[in-house]
file model.cif (mmCIF, C-alpha atoms)
data_coords
loop_
_atom_site.label_atom_id
_atom_site.label_comp_id
_atom_site.auth_asym_id
_atom_site.auth_seq_id
_atom_site.Cartn_x
_atom_site.Cartn_y
_atom_site.Cartn_z
CA MET A 17 -12.87 125.17 38.83
CA LEU A 18 -16.48 126.21 38.28
CA GLN A 19 -18.29 128.27 40.89
CA ASP A 20 -20.65 125.34 41.56
CA ASP A 21 -17.69 123.18 42.47
CA LYS A 22 -16.79 125.24 45.51
CA PRO A 23 -16.95 122.98 48.56
CA THR A 24 -19.31 123.89 51.38
CA ILE A 25 -17.92 123.01 54.79
CA ALA A 26 -20.29 121.38 57.23
CA ARG A 27 -20.81 123.23 60.51
CA SER A 28 -20.02 120.13 62.52
CA ALA A 29 -16.32 119.36 62.21
CA GLY A 30 -17.02 115.88 63.55
CA ASP A 31 -19.41 115.01 60.74
CA LYS A 32 -16.85 113.41 58.45
CA THR A 33 -19.40 112.27 55.89
CA ASN A 34 -20.76 115.77 55.22
CA VAL A 35 -17.35 117.42 55.30
CA LEU A 36 -15.74 115.00 52.86
CA ARG A 37 -18.81 114.53 50.66
CA ASN A 38 -18.90 118.26 49.92
CA HIS A 39 -15.44 118.26 48.36
CA PRO A 40 -15.46 117.88 44.54
CA LEU A 41 -12.87 115.10 44.75
CA PHE A 42 -15.11 112.88 46.88
CA ARG A 43 -18.68 113.87 46.06
CA ASP A 44 -19.18 111.13 43.44
CA LEU A 45 -18.02 108.29 45.71
CA GLY A 46 -20.56 105.64 46.60
CA THR A 47 -21.73 105.21 50.17
CA GLU A 48 -19.44 102.27 50.90
CA ALA A 49 -16.36 104.04 49.51
CA LEU A 50 -17.20 107.22 51.42
CA ASP A 51 -17.59 105.24 54.63
CA GLN A 52 -14.16 103.74 54.00
CA LEU A 53 -12.68 107.21 53.45
CA CYS A 54 -14.26 108.44 56.69
CA HIS A 55 -12.71 105.51 58.53
CA TYR A 56 -9.29 106.46 57.17
CA ALA A 57 -9.57 110.21 57.96
CA LYS A 58 -8.14 111.13 61.36
CA LYS A 59 -8.83 114.55 62.86
CA ARG A 60 -5.89 116.65 64.08
CA THR A 61 -5.61 120.23 65.33
CA PHE A 62 -2.70 122.64 64.84
CA LYS A 63 -2.12 125.97 66.54
CA ARG A 64 -1.28 129.04 64.49
CA GLY A 65 2.38 129.08 63.47
CA VAL A 66 2.93 125.35 63.89
CA THR A 67 4.72 123.55 61.05
CA ILE A 68 2.49 120.77 59.73
CA PHE A 69 5.26 119.43 57.53
CA ALA A 70 8.58 120.81 56.28
CA LYS A 71 10.28 120.76 52.91
CA GLY A 72 12.19 117.48 52.60
CA ASP A 73 9.89 115.52 54.91
CA PRO A 74 8.52 112.21 53.55
CA GLY A 75 5.08 112.53 51.99
CA GLN A 76 3.16 110.05 54.11
CA SER A 77 -0.18 111.84 54.49
CA LEU A 78 -2.81 113.79 52.60
CA PHE A 79 -4.41 116.74 54.40
CA PHE A 80 -7.94 118.16 54.16
CA ILE A 81 -8.78 121.42 55.93
CA ILE A 82 -11.91 121.46 58.07
CA SER A 83 -11.31 124.97 59.41
CA GLY A 84 -8.52 127.53 59.30
CA THR A 85 -5.90 128.47 56.72
CA VAL A 86 -2.57 126.83 55.86
CA LYS A 87 0.38 128.62 54.28
CA ILE A 88 2.44 126.73 51.68
CA GLY A 89 5.94 128.10 50.96
CA VAL A 90 9.65 127.94 51.60
CA SER A 91 12.15 129.91 53.66
CA SER A 92 15.88 130.49 53.31
CA ALA A 93 18.62 130.25 55.95
CA ASP A 94 18.71 134.05 56.25
CA GLY A 95 15.01 134.21 57.14
CA ARG A 96 13.59 135.28 53.80
CA GLY A 97 10.45 133.48 52.66
CA ALA A 98 8.34 132.85 49.58
CA ILE A 99 4.68 131.85 49.77
CA PHE A 100 3.33 129.65 47.00
CA ASN A 101 -0.26 129.32 48.14
CA MET A 102 -2.74 129.95 50.95
CA VAL A 103 -5.07 126.97 51.43
CA ASP A 104 -8.47 127.48 53.05
CA ALA A 105 -11.20 125.35 54.61
CA GLY A 106 -12.59 122.84 52.12
CA GLU A 107 -9.30 122.41 50.27
CA MET A 108 -6.67 119.69 50.28
CA PHE A 109 -2.90 119.93 50.29
CA GLY A 110 0.09 117.62 50.34
CA GLU A 111 -1.09 115.53 47.40
CA ILE A 112 2.05 115.81 45.24
CA ALA A 113 4.42 114.02 47.63
CA VAL A 114 1.70 111.52 48.50
CA LEU A 115 1.26 110.58 44.84
CA ASP A 116 4.90 110.34 43.79
CA GLY A 117 6.25 109.05 47.12
CA LEU A 118 9.04 111.63 47.17
CA ALA A 119 9.90 114.32 49.70
CA ARG A 120 7.76 117.37 50.41
CA THR A 121 8.53 120.24 48.05
CA ALA A 122 7.59 123.03 50.49
CA ASP A 123 6.68 123.83 54.08
CA ALA A 124 3.06 123.77 55.29
CA ILE A 125 2.46 126.07 58.24
CA ALA A 126 -0.80 126.72 60.07
CA ASN A 127 -1.64 130.35 59.28
CA SER A 128 -4.38 130.23 61.92
CA ASP A 129 -5.63 127.65 64.39
CA CYS A 130 -6.59 124.72 62.15
CA GLU A 131 -8.59 121.51 62.21
CA LEU A 132 -7.51 118.96 59.61
CA PHE A 133 -8.40 115.51 58.43
CA VAL A 134 -5.24 113.48 57.82
CA ILE A 135 -5.35 110.46 55.48
CA ASP A 136 -2.43 108.05 55.37
CA ARG A 137 -0.83 107.52 51.94
CA ARG A 138 -1.28 103.74 52.12
CA ASP A 139 -4.97 104.08 52.91
CA PHE A 140 -5.52 106.66 50.19
CA PHE A 141 -3.89 104.44 47.56
CA SER A 142 -6.03 101.52 48.68
CA LEU A 143 -9.14 103.60 48.03
CA LEU A 144 -7.75 105.03 44.80
CA ALA A 145 -7.13 101.55 43.38
CA SER A 146 -10.77 100.55 43.88
CA GLN A 147 -12.38 103.82 42.75
CA PRO A 148 -11.71 104.85 39.10
CA VAL A 149 -13.94 107.91 39.54
CA LEU A 150 -11.61 109.14 42.29
CA ALA A 151 -8.60 108.83 39.98
CA THR A 152 -10.37 110.94 37.34
CA LYS A 153 -11.27 113.62 39.87
CA LEU A 154 -7.70 113.63 41.15
CA ILE A 155 -6.39 114.33 37.65
CA GLU A 156 -8.77 117.29 37.44
CA LEU A 157 -7.50 118.57 40.79
CA LEU A 158 -3.89 118.33 39.65
CA CYS A 159 -4.77 120.27 36.48
CA VAL A 160 -6.24 123.01 38.67
CA ARG A 161 -3.01 123.05 40.69
CA LEU A 162 -0.91 123.29 37.50
CA ARG A 163 -2.98 126.21 36.20
CA TRP A 164 -2.54 127.91 39.59
CA ILE A 165 1.22 127.53 39.35
CA SER A 166 1.24 128.86 35.76
CA ASP A 167 -0.80 131.89 36.82
CA HIS A 168 1.51 132.43 39.79
CA VAL A 169 4.64 132.42 37.63
CA GLU A 170 3.00 134.80 35.14
CA GLN A 171 1.91 137.03 38.00
CA VAL A 172 5.41 137.27 39.47
CA ILE A 173 6.91 138.46 36.16
CA PHE A 174 4.38 141.25 35.56
CA PRO A 175 6.31 144.54 35.29
CA ASP A 176 3.85 146.75 37.20
CA LEU A 177 3.16 146.41 40.90
CA SER A 178 -0.54 147.34 40.73
CA GLY A 179 -1.21 144.69 38.08
CA LYS A 180 0.60 142.01 40.07
CA LEU A 181 -1.20 142.90 43.28
CA ALA A 182 -4.63 143.16 41.64
CA LYS A 183 -4.23 139.79 39.96
CA ALA A 184 -3.10 138.23 43.24
CA LEU A 185 -6.15 139.50 45.14
CA ILE A 186 -8.53 138.37 42.40
CA ARG A 187 -6.97 134.91 42.37
CA LEU A 188 -7.30 134.66 46.14
CA ILE A 189 -11.00 135.59 46.21
CA ASP A 190 -11.76 133.29 43.26
CA ARG A 191 -10.34 130.17 44.93
CA PRO A 192 -12.51 127.28 46.03
CA GLY A 193 -13.28 127.78 49.70
CA ALA A 194 -12.71 131.55 49.58
CA ALA A 195 -14.91 133.69 51.84
CA VAL A 196 -18.17 134.90 50.31
CA ASP A 197 -17.57 138.41 51.69
CA LYS A 198 -14.28 138.64 49.72
CA LYS A 199 -12.24 138.84 52.92
CA ILE A 200 -8.75 137.35 52.56
CA THR A 201 -6.92 136.29 55.71
CA ILE A 202 -3.40 137.32 54.78
CA THR A 203 -0.85 139.86 55.98
CA GLN A 204 0.86 142.42 53.77
CA GLN A 205 4.16 140.69 54.46
CA GLU A 206 2.72 137.37 53.26
CA ILE A 207 1.27 138.78 50.07
CA GLY A 208 4.62 140.47 49.42
CA GLU A 209 6.30 137.07 49.79
CA MET A 210 3.84 135.60 47.30
CA LEU A 211 4.74 138.23 44.71
CA GLY A 212 8.42 138.86 45.36
CA LEU A 213 7.66 142.41 46.51
CA SER A 214 8.62 144.35 49.62
CA ARG A 215 6.06 144.82 52.36
CA GLU A 216 6.51 148.59 52.02
CA SER A 217 5.55 148.63 48.34
CA VAL A 218 2.52 146.39 48.98
CA ASN A 219 1.46 148.61 51.90
CA LYS A 220 1.69 151.77 49.79
CA GLN A 221 -0.42 150.34 46.97
CA LEU A 222 -3.04 148.85 49.30
CA HIS A 223 -3.48 152.11 51.19
CA GLU A 224 -3.93 153.93 47.91
CA TRP A 225 -6.68 151.48 46.98
CA ALA A 226 -8.19 151.76 50.45
CA ASP A 227 -8.46 155.54 49.99
CA ARG A 228 -10.31 154.87 46.72
CA LYS A 229 -12.65 152.37 48.47
CA LEU A 230 -11.41 149.47 46.35
CA VAL A 231 -10.30 147.45 49.39
CA ARG A 232 -10.69 147.56 53.16
CA LEU A 233 -7.63 146.88 55.29
CA GLN A 234 -7.74 145.25 58.71
CA ARG A 235 -5.02 143.70 60.82
CA GLY A 236 -4.16 140.37 59.20
CA SER A 237 -6.73 140.63 56.41
CA ILE A 238 -7.74 142.41 53.21
CA THR A 239 -11.34 142.68 52.00
CA VAL A 240 -11.95 143.39 48.31
CA ILE A 241 -14.77 145.92 47.94
CA ASP A 242 -14.65 146.80 44.24
CA VAL A 243 -14.02 143.48 42.51
CA ASP A 244 -14.69 144.82 39.00
CA SER A 245 -12.07 147.57 39.28
CA LEU A 246 -9.37 145.20 40.50
CA ARG A 247 -10.29 142.62 37.88
CA SER A 248 -9.95 145.28 35.17
CA MET A 249 -6.50 146.25 36.50
CA ALA A 250 -5.43 142.61 36.47
CA GLU A 251 -6.64 142.15 32.89
CA ARG A 252 -5.00 145.38 31.64
CA SER A 253 -1.66 144.30 33.10
CA GLN A 254 -1.65 141.32 30.72
CA ASP A 255 -2.20 143.40 27.57
#

call {"tool": "encode", "arguments": {"input": "model.cif", "output": "structure tokens"}}
result
Amino acid sequence: MLQDDKPTIARSAGDKTNVLRNHPLFRDLGTEALDQLCHYAKKRTFKRGVTIFAKGDPGQSLFFIISGTVKIGVSSADGRGAIFNMVDAGEMFGEIAVLDGLARTADAIANSDCELFVIDRRDFFSLLASQPVLATKLIELLCVRLRWISDHVEQVIFPDLSGKLAKALIRLIDRPGAAVDKKITITQQEIGEMLGLSRESVNKQLHEWADRKLVRLQRGSITVIDVDSLRSMAERSQD
């Protein structure tokens, strides 16, 4: 997605028109269609750690983040987890199960206190049927998701830890909705789960980069300071 396509979240969470209009999926809707979408969107709040939906649940709703971060992943019976994506304010999630009508493929857990707009599947399909431009935009969104998954798979199979970690951080700061100051709200355990690495190995590499002033580490977050250096590491790891 181009830089200009990054959604800007309105300060007022209650202003549905501004919040939804600023998302690339909805920005080309006419006034009447946007009003209809706003009527469908219901605001809900979730505390940090609450499961929004679980793998296997029916896909009855589409979610749009007003504020906060949502973690998408799966966990095993023995407590191990894998994180597929971290979704920020201005982004949507839950669209796959909504579109195909099948069960959720992963868990969605509030990674912080969150405010969401929830749109019922039946209402969304009603709007989709009357708005060809929305269908086109949705295809573009799904292509972005597919490229993300392809990058994620490629990232996981990289042989060197530094290359995997550098690529992961670059992908996180390049996402739509990412913080302008390059601060990523994520723990070292969570980024390890994204990459199939131990927390200890992630911690060691991050502290080495922190000593070199490439990143700044804070509790529950990582800020990228030297973007060019990390981007170069990520690119070299693919050679």

call {"tool": "residues_near_point", "arguments": {"input": "model.cif", "point": "(-18.3, 142.7, 53.3)", "cutoff": "10 Å", "atoms": "all atoms listed in the file", "output": "number ranges by chain"}}
result
A: 195-199, 232, 239-241

call {"tool": "closest_residue", "arguments": {"input": "model.cif", "among": "A:Gly75, A:Gly117, A:Pro40, A:Gly84", "to": "Leu157 (chain A)", "atoms": "only C-alpha atoms"}}
result
A:Pro40

call {"tool": "closest_residue", "arguments": {"input": "model.cif", "among": "A:Thr33, A:Cys130, A:Val90, A:Ser248", "to": "Gly46 (chain A)", "atoms": "only C-alpha atoms"}}
result
A:Thr33

call {"tool": "closest_residue", "arguments": {"input": "model.cif", "among": "A:Asp123, A:Met249, A:Gly208, A:Ser178", "to": "Glu224 (chain A)", "atoms": "all atoms listed in the file"}}
result
A:Ser178

call {"tool": "residues_around", "arguments": {"input": "model.cif", "residues": "Phe109 (chain A)", "least_positions_apart": "3", "cutoff": "8 Å", "atoms": "all atoms listed in the file", "output": "list of chain:residue names"}}
result
A:Leu78, A:Phe79, A:Phe80, A:Val103

call {"tool": "residues_around", "arguments": {"input": "model.cif", "residues": "Thr85 (chain A)", "least_positions_apart": "4", "cutoff": "7 Å", "atoms": "all atoms listed in the file", "output": "PyMOL selection string"}}
result
chain A and resi 102-105+126-128+130

call {"tool": "atom_distance", "arguments": {"input": "model.cif", "atom1": "CA of Val35 (chain A)", "atom2": "CA of Lys153 (chain A)"}}
result
17.0 Å

call {"tool": "resolve_selection", "arguments": {"input": "model.cif", "expression": "the PyMOL selection byres ((chain A and resi 73) around 12)", "output": "JSON, numbers by chain"}}
result
{"A": [67, 68, 69, 70, 71, 72, 74, 75, 76, 77, 110, 113, 114, 117, 118, 119, 120, 121, 122, 123, 124]}

call {"tool": "resolve_selection", "arguments": {"input": "model.cif", "expression": "the PyMOL selection byres ((chain A and resi 214-218) around 12)", "output": "PyMOL selection string"}}
result
chain A and resi 96-98+176-182+184-185+203-213+219-225+233+238

call {"tool": "write_last_selection", "arguments": {"input": "model.cif", "atoms": "C-alpha atoms", "output": "PDB file, keeping the file's coordinate frame"}}
result
ATOM      1  CA  ARG A  96      13.590 135.280  53.800  1.00  0.00           C
ATOM      2  CA  GLY A  97      10.450 133.480  52.660  1.00  0.00           C
ATOM      3  CA  ALA A  98       8.340 132.850  49.580  1.00  0.00           C
ATOM      4  CA  ASP A 176       3.850 146.750  37.200  1.00  0.00           C
ATOM      5  CA  LEU A 177       3.160 146.410  40.900  1.00  0.00           C
ATOM      6  CA  SER A 178      -0.540 147.340  40.730  1.00  0.00           C
ATOM      7  CA  GLY A 179      -1.210 144.690  38.080  1.00  0.00           C
ATOM      8  CA  LYS A 180       0.600 142.010  40.070  1.00  0.00           C
ATOM      9  CA  LEU A 181      -1.200 142.900  43.280  1.00  0.00           C
ATOM     10  CA  ALA A 182      -4.630 143.160  41.640  1.00  0.00           C
ATOM     11  CA  ALA A 184      -3.100 138.230  43.240  1.00  0.00           C
ATOM     12  CA  LEU A 185      -6.150 139.500  45.140  1.00  0.00           C
ATOM     13  CA  THR A 203      -0.850 139.860  55.980  1.00  0.00           C
ATOM     14  CA  GLN A 204       0.860 142.420  53.770  1.00  0.00           C
ATOM     15  CA  GLN A 205       4.160 140.690  54.460  1.00  0.00           C
ATOM     16  CA  GLU A 206       2.720 137.370  53.260  1.00  0.00           C
ATOM     17  CA  ILE A 207       1.270 138.780  50.070  1.00  0.00           C
ATOM     18  CA  GLY A 208       4.620 140.470  49.420  1.00  0.00           C
ATOM     19  CA  GLU A 209       6.300 137.070  49.790  1.00  0.00           C
ATOM     20  CA  MET A 210       3.840 135.600  47.300  1.00  0.00           C
ATOM     21  CA  LEU A 211       4.740 138.230  44.710  1.00  0.00           C
ATOM     22  CA  GLY A 212       8.420 138.860  45.360  1.00  0.00           C
ATOM     23  CA  LEU A 213       7.660 142.410  46.510  1.00  0.00           C
ATOM     24  CA  ASN A 219       1.460 148.610  51.900  1.00  0.00           C
ATOM     25  CA  LYS A 220       1.690 151.770  49.790  1.00  0.00           C
ATOM     26  CA  GLN A 221      -0.420 150.340  46.970  1.00  0.00           C
ATOM     27  CA  LEU A 222      -3.040 148.850  49.300  1.00  0.00           C
ATOM     28  CA  HIS A 223      -3.480 152.110  51.190  1.00  0.00           C
ATOM     29  CA  GLU A 224      -3.930 153.930  47.910  1.00  0.00           C
ATOM     30  CA  TRP A 225      -6.680 151.480  46.980  1.00  0.00           C
ATOM     31  CA  LEU A 233      -7.630 146.880  55.290  1.00  0.00           C
ATOM     32  CA  ILE A 238      -7.740 142.410  53.210  1.00  0.00           C
TER      33      ILE A 238
END

call {"tool": "closest_residue", "arguments": {"input": "model.cif", "among": "A:Thr47, A:Gln147, A:Ile155, A:Ile125", "to": "Gly65 (chain A)", "atoms": "only C-alpha atoms"}}
result
A:Ile125

call {"tool": "residues_around", "arguments": {"input": "model.cif", "residues": "Ser142 (chain A)", "least_positions_apart": "6", "cutoff": "12 Å", "atoms": "all atoms listed in the file", "output": "ChimeraX atom specification"}}
result
/A:49,52-53,56,135-136,148,150-151

call {"tool": "atom_distance", "arguments": {"input": "model.cif", "atom1": "CA of Lys58 (chain A)", "atom2": "CA of Arg161 (chain A)"}}
result
24.4 Å

call {"tool": "closest_residue", "arguments": {"input": "model.cif", "among": "A:Pro192, A:Ile202, A:Ile186, A:Lys63", "to": "Glu251 (chain A)", "atoms": "all atoms listed in the file"}}
result
A:Ile186

call {"tool": "axis_aligned_box", "arguments": {"input": "model.cif", "around": "region 236-240 of chain A", "padding_each_side": "3 Å", "output": "AutoDock Vina command-line options"}}
result
--center_x -8.1 --center_y 141.9 --center_z 53.8 --size_x 13.8 --size_y 9.0 --size_z 16.9

call {"tool": "closest_residue", "arguments": {"input": "model.cif", "among": "A:Ser92, A:Arg137, A:Val86, A:Ala57", "to": "Glu111 (chain A)", "atoms": "all atoms listed in the file"}}
result
A:Arg137

call {"tool": "atom_distance", "arguments": {"input": "model.cif", "atom1": "CA of Ala226 (chain A)", "atom2": "CA of Asp242 (chain A)"}}
result
10.2 Å

call {"tool": "resolve_selection", "arguments": {"input": "model.cif", "expression": "the PyMOL selection byres ((chain A and resi 60) around 7)", "output": "count of residues only"}}
result
7
